[in-house]
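Participant: Before anything else, here's the structure in question.
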Amino acid sequence: MRRARRLRVNKVTRELVRETRLDMKELVYPIFVIEGENIKSEIKSMPGVYHFSIDKLEEEIKDIENHGIQNIMIFGVTAHKDWCASSGFDDNGIVQQAVREIKRISPEMNVITDVCMCEYTDHGHCGIINDEGYVDNDKSLEFLAKIALSHAKAGADMVAPSDMMDFRVAAIRKILDENGFVNVGIMAYSAKYASNFYGPFRDAADSAPAFGDRKTYQMDPSNFNEAMLECKYDIEEGADIIMVKPALSYLDVIKGASERFDVPLAAYNVSGEYTMIKNAVNQGLLNEEAIYEAVMSIKRAGANIIITYFAKDLAKFIGRY
């Protein structure tokens, strides 16, 4: 007679038959870089996550490496904001400076940059606003492409457009190829939902919209089939990696994309998900192992790559410590 518990009898046996495993090499750790000097400042809404000025990056990158993390995603925070996000494509902008510094510190670190306009526009939206107050999709493509090109010129290994404009992957692929950056990859935020779980990030990146919301370009949380179409479109336009964002409330979308598409699939374990669990752990309401359990669910759903603020926390569970 079969007894399922025979394979749970001790730790070694449980590890022997474990079906899904996390690996530090699959994790991407987001970092926030801010203008100024001598800044390492904890973000109030995201305990354990910090703003770093350029001169503080060396210590942080060494710590990231010591945790076994090989991939980072850079988000820039700037004081200069205008209608066209010009600081986003300034070759001496905050992200561009950070990429160059990180590559100096650690040439082998895989550097992914967030490509969007919301951190750099004075209205906080992810594109150009037309006279009717609507985000103009096609006019925004030129500026998004310029941001991506500027990041590539600074040394980014991969760019990650998060704006959700139609055709932005094609526009970025075209400008990168035309300028000789054929080996710079595109990780597309393909199925990015208009989620309430982004609140702490908007605080961290100073990117909340000054008016309205982002529901005309980010996806309706109720839709699954639309997400599959968005992934398909991005692959056709040249995306090397597709992404589902957020992760924990959209595990079905991750599963669906993993079953339908044969390109690497990323999932973003977003700021609201992080803060809820982190606060619960810090208050003693959850055991710290809940972090591992939550991120494991993303992997089990089918994600090949997980972008998570928990990357350092996970090192102890994955065997680094």
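Ordered as shown in the structure tokens, chains take letters A, B, and onward, while each chain numbers its residues from 1 and ligands are numbered from 1 in the order shown.
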Quick one: everything within 10 Å of stretch 40-52 of chain A, counting only C-alpha atoms, minus sequence neighbours fewer than 3 positions away in the same chain. Send it as a PyMOL selection string.
Facilitator: chain A and resi 30-37+55-57+60+75-77+98+199-205+271-272+274-276+278-279+282+309-310+312-313
Participant: Might you pull out every residue within 8 Å of stretch 143-150 of chain A, with only C-alpha atoms counted and same-chain residues fewer than 2 positions away left off, and present them as a PyMOL selection string?
Facilitator: chain A and resi 84-85+88-91+96+115-117+139-141+152-154+159+161+168+171-172+175-176
Participant: Since we have the selection now, will you write its residues out, keeping N, CA and C atoms, as a CSV table (one decimal), in the first residue's frame?
Facilitator:
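Below is the file selection_34.csv, written as the result:
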```csv
chain,number,residue,atom,x,y,z
A,84,CYS,N,8.6,65.9,-21.0
A,84,CYS,CA,9.1,64.8,-21.9
A,84,CYS,C,10.1,63.9,-21.2
A,85,ALA,N,10.2,64.0,-19.9
A,85,ALA,CA,11.1,63.1,-19.2
A,85,ALA,C,12.6,63.2,-19.7
A,88,GLY,N,15.4,61.4,-18.2
A,88,GLY,CA,15.5,59.9,-18.4
A,88,GLY,C,16.4,59.5,-19.5
A,89,PHE,N,16.6,60.4,-20.5
A,89,PHE,CA,17.5,60.1,-21.6
A,89,PHE,C,18.7,61.0,-21.6
A,90,ASP,N,19.0,61.7,-20.5
A,90,ASP,CA,20.2,62.4,-20.4
A,90,ASP,C,21.3,61.4,-20.2
A,91,ASP,N,22.4,61.5,-21.0
A,91,ASP,CA,23.5,60.6,-20.9
A,91,ASP,C,24.2,60.7,-19.6
A,96,GLN,N,22.0,56.4,-15.8
A,96,GLN,CA,23.2,56.3,-16.6
A,96,GLN,C,24.5,56.3,-15.8
A,115,VAL,N,12.9,51.1,-18.0
A,115,VAL,CA,12.7,52.1,-19.0
A,115,VAL,C,11.3,52.6,-18.9
A,116,CYS,N,11.1,53.8,-18.4
A,116,CYS,CA,9.8,54.3,-18.3
A,116,CYS,C,9.9,55.9,-18.3
A,117,MET,N,8.8,56.6,-18.2
A,117,MET,CA,8.9,58.0,-18.1
A,117,MET,C,8.3,58.6,-16.8
A,139,LYS,N,3.4,59.1,-29.8
A,139,LYS,CA,4.4,60.2,-29.5
A,139,LYS,C,5.3,59.8,-28.4
A,140,SER,N,4.8,58.9,-27.5
A,140,SER,CA,5.7,58.5,-26.4
A,140,SER,C,6.8,57.5,-26.8
A,141,LEU,N,6.6,56.8,-27.9
A,141,LEU,CA,7.5,55.8,-28.3
A,141,LEU,C,8.9,56.4,-28.6
A,152,ALA,N,21.6,51.8,-22.8
A,152,ALA,CA,22.5,50.9,-23.5
A,152,ALA,C,23.9,51.5,-23.7
A,153,LYS,N,23.9,52.8,-24.0
A,153,LYS,CA,25.2,53.5,-24.2
A,153,LYS,C,26.0,53.6,-22.9
A,154,ALA,N,25.3,53.6,-21.8
A,154,ALA,CA,25.9,53.6,-20.5
A,154,ALA,C,26.5,52.3,-20.1
A,159,VAL,N,17.4,46.1,-21.1
A,159,VAL,CA,16.5,47.2,-20.8
A,159,VAL,C,15.1,46.6,-20.6
A,161,PRO,N,11.3,47.9,-20.5
A,161,PRO,CA,10.3,48.9,-20.7
A,161,PRO,C,9.0,48.5,-19.9
A,168,ARG,N,6.0,49.6,-28.1
A,168,ARG,CA,7.3,50.1,-27.6
A,168,ARG,C,8.4,49.2,-27.7
A,171,ALA,N,9.9,49.6,-31.1
A,171,ALA,CA,10.6,50.9,-31.3
A,171,ALA,C,11.9,50.8,-30.6
A,172,ILE,N,12.0,50.2,-29.4
A,172,ILE,CA,13.3,50.0,-28.7
A,172,ILE,C,14.2,49.1,-29.4
A,175,ILE,N,15.8,51.0,-32.4
A,175,ILE,CA,16.8,52.0,-32.1
A,175,ILE,C,18.1,51.4,-31.6
A,176,LEU,N,17.9,50.3,-30.8
A,176,LEU,CA,19.1,49.6,-30.3
A,176,LEU,C,19.9,49.0,-31.4
```
Participant: Please provide as a list in words all residues within 10 Å of stretch 249-253 of chain A, with the sequence filter that same-chain residues fewer than 4 positions apart are discarded (counting only C-alpha atoms).
Facilitator: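 Surrounding residues, per the criterion: Ala191, Tyr193, Ser195, Phe197, Pro221, Ser222, Asn223, Phe224, Asn225, Ala227, Met228, Val244, Lys245, Ala257, Ser258, Glu259, Ala267, Asn269, Glu273, Ser297, Ile298, Lys299, Arg300, Ala301, Gly302 and Ala303 of chain A.
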Participant: Neighbours of A:Ile305 within 10 Å (only C-alpha atoms; same-chain residues fewer than 6 positions away dropped), as an MDAnalysis selection string?
Facilitator: chainID A and resid 22:28 241:243 264:268 298:299
Participant: Could you take the residues named above and write them with C-alpha atoms, as an mmCIF file, in the first residue's frame?
Facilitator:
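Below is the file that was written, selection_34.cif:
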```
data_model
loop_
_atom_site.group_PDB
_atom_site.id
_atom_site.type_symbol
_atom_site.label_atom_id
_atom_site.label_comp_id
_atom_site.auth_asym_id
_atom_site.auth_seq_id
_atom_site.Cartn_x
_atom_site.Cartn_y
_atom_site.Cartn_z
ATOM 1 C CA LEU A 22 14.712 28.298 -6.042
ATOM 2 C CA ASP A 23 18.156 29.398 -7.171
ATOM 3 C CA MET A 24 19.873 32.716 -6.456
ATOM 4 C CA LYS A 25 20.868 32.869 -10.110
ATOM 5 C CA GLU A 26 17.176 33.247 -11.045
ATOM 6 C CA LEU A 27 16.579 36.301 -8.855
ATOM 7 C CA VAL A 28 16.758 39.974 -9.835
ATOM 8 C CA ILE A 241 11.953 37.986 -21.965
ATOM 9 C CA ILE A 242 8.316 38.641 -21.069
ATOM 10 C CA MET A 243 7.047 39.601 -17.634
ATOM 11 C CA PRO A 264 11.927 33.105 -20.620
ATOM 12 C CA LEU A 265 9.209 34.350 -18.278
ATOM 13 C CA ALA A 266 9.829 36.859 -15.481
ATOM 14 C CA ALA A 267 7.487 37.782 -12.662
ATOM 15 C CA TYR A 268 7.758 40.890 -10.493
ATOM 16 C CA ILE A 298 5.877 32.286 -8.070
ATOM 17 C CA LYS A 299 8.471 29.785 -9.238
#
```
Participant: Find the residues near A:Ile129: any atom within 10 Å, counting only C-alpha atoms, skip ones fewer than 5 places away on the same chain, and give them as a list in words.
Facilitator: Trp83, Cys84, Thr121, His123, Tyr134, Val135, Asp136, Asn137, Lys139 and Ser140 of chain A
Participant: Can you work out the spacing between atom CA of A:Ala160 and atom CA of A:Cys118 in Å, to one decimal?
Facilitator: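 Result for atom CA of A:Ala160 versus atom CA of A:Cys118: 13.9 Å, one decimal.
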Participant: Atom CA of A:Asp157 and atom CA of A:Ile254 are how many Å apart?
Facilitator: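 Atom CA of A:Ile254 lies at a distance of 24.4 Å from atom CA of A:Asp157.
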Participant: Among stretch 8-102 of chain A, which ones does DSSP place in helix (DSSP H, G or I), written as a ChimeraX atom specification?
Facilitator: /A:8,11-16,24-26,54-66,86-88,94-102
Participant: Can you work out which one of A:Ile61, A:Ala239, A:Val182, A:Ile318 has the shortest atom-to-atom distance to A:Phe261, counting only C-alpha atoms?
Facilitator: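 Residue with the minimum atom-to-atom distance to A:Phe261: A:Ala239.
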Participant: So which one's closest to A:Tyr189, A:Asn71, A:Thr20, A:Asn38, A:Ser162? Using only C-alpha atoms, please.
Facilitator: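 Going through A:Asn71, A:Thr20, A:Asn38, A:Ser162 one by one, the smallest distance to A:Tyr189 is for A:Ser162.
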Participant: In Å, with one decimal, what is the gap from atom CA of A:Ile72 to atom CA of A:Met109?
Facilitator: 7.5 Å
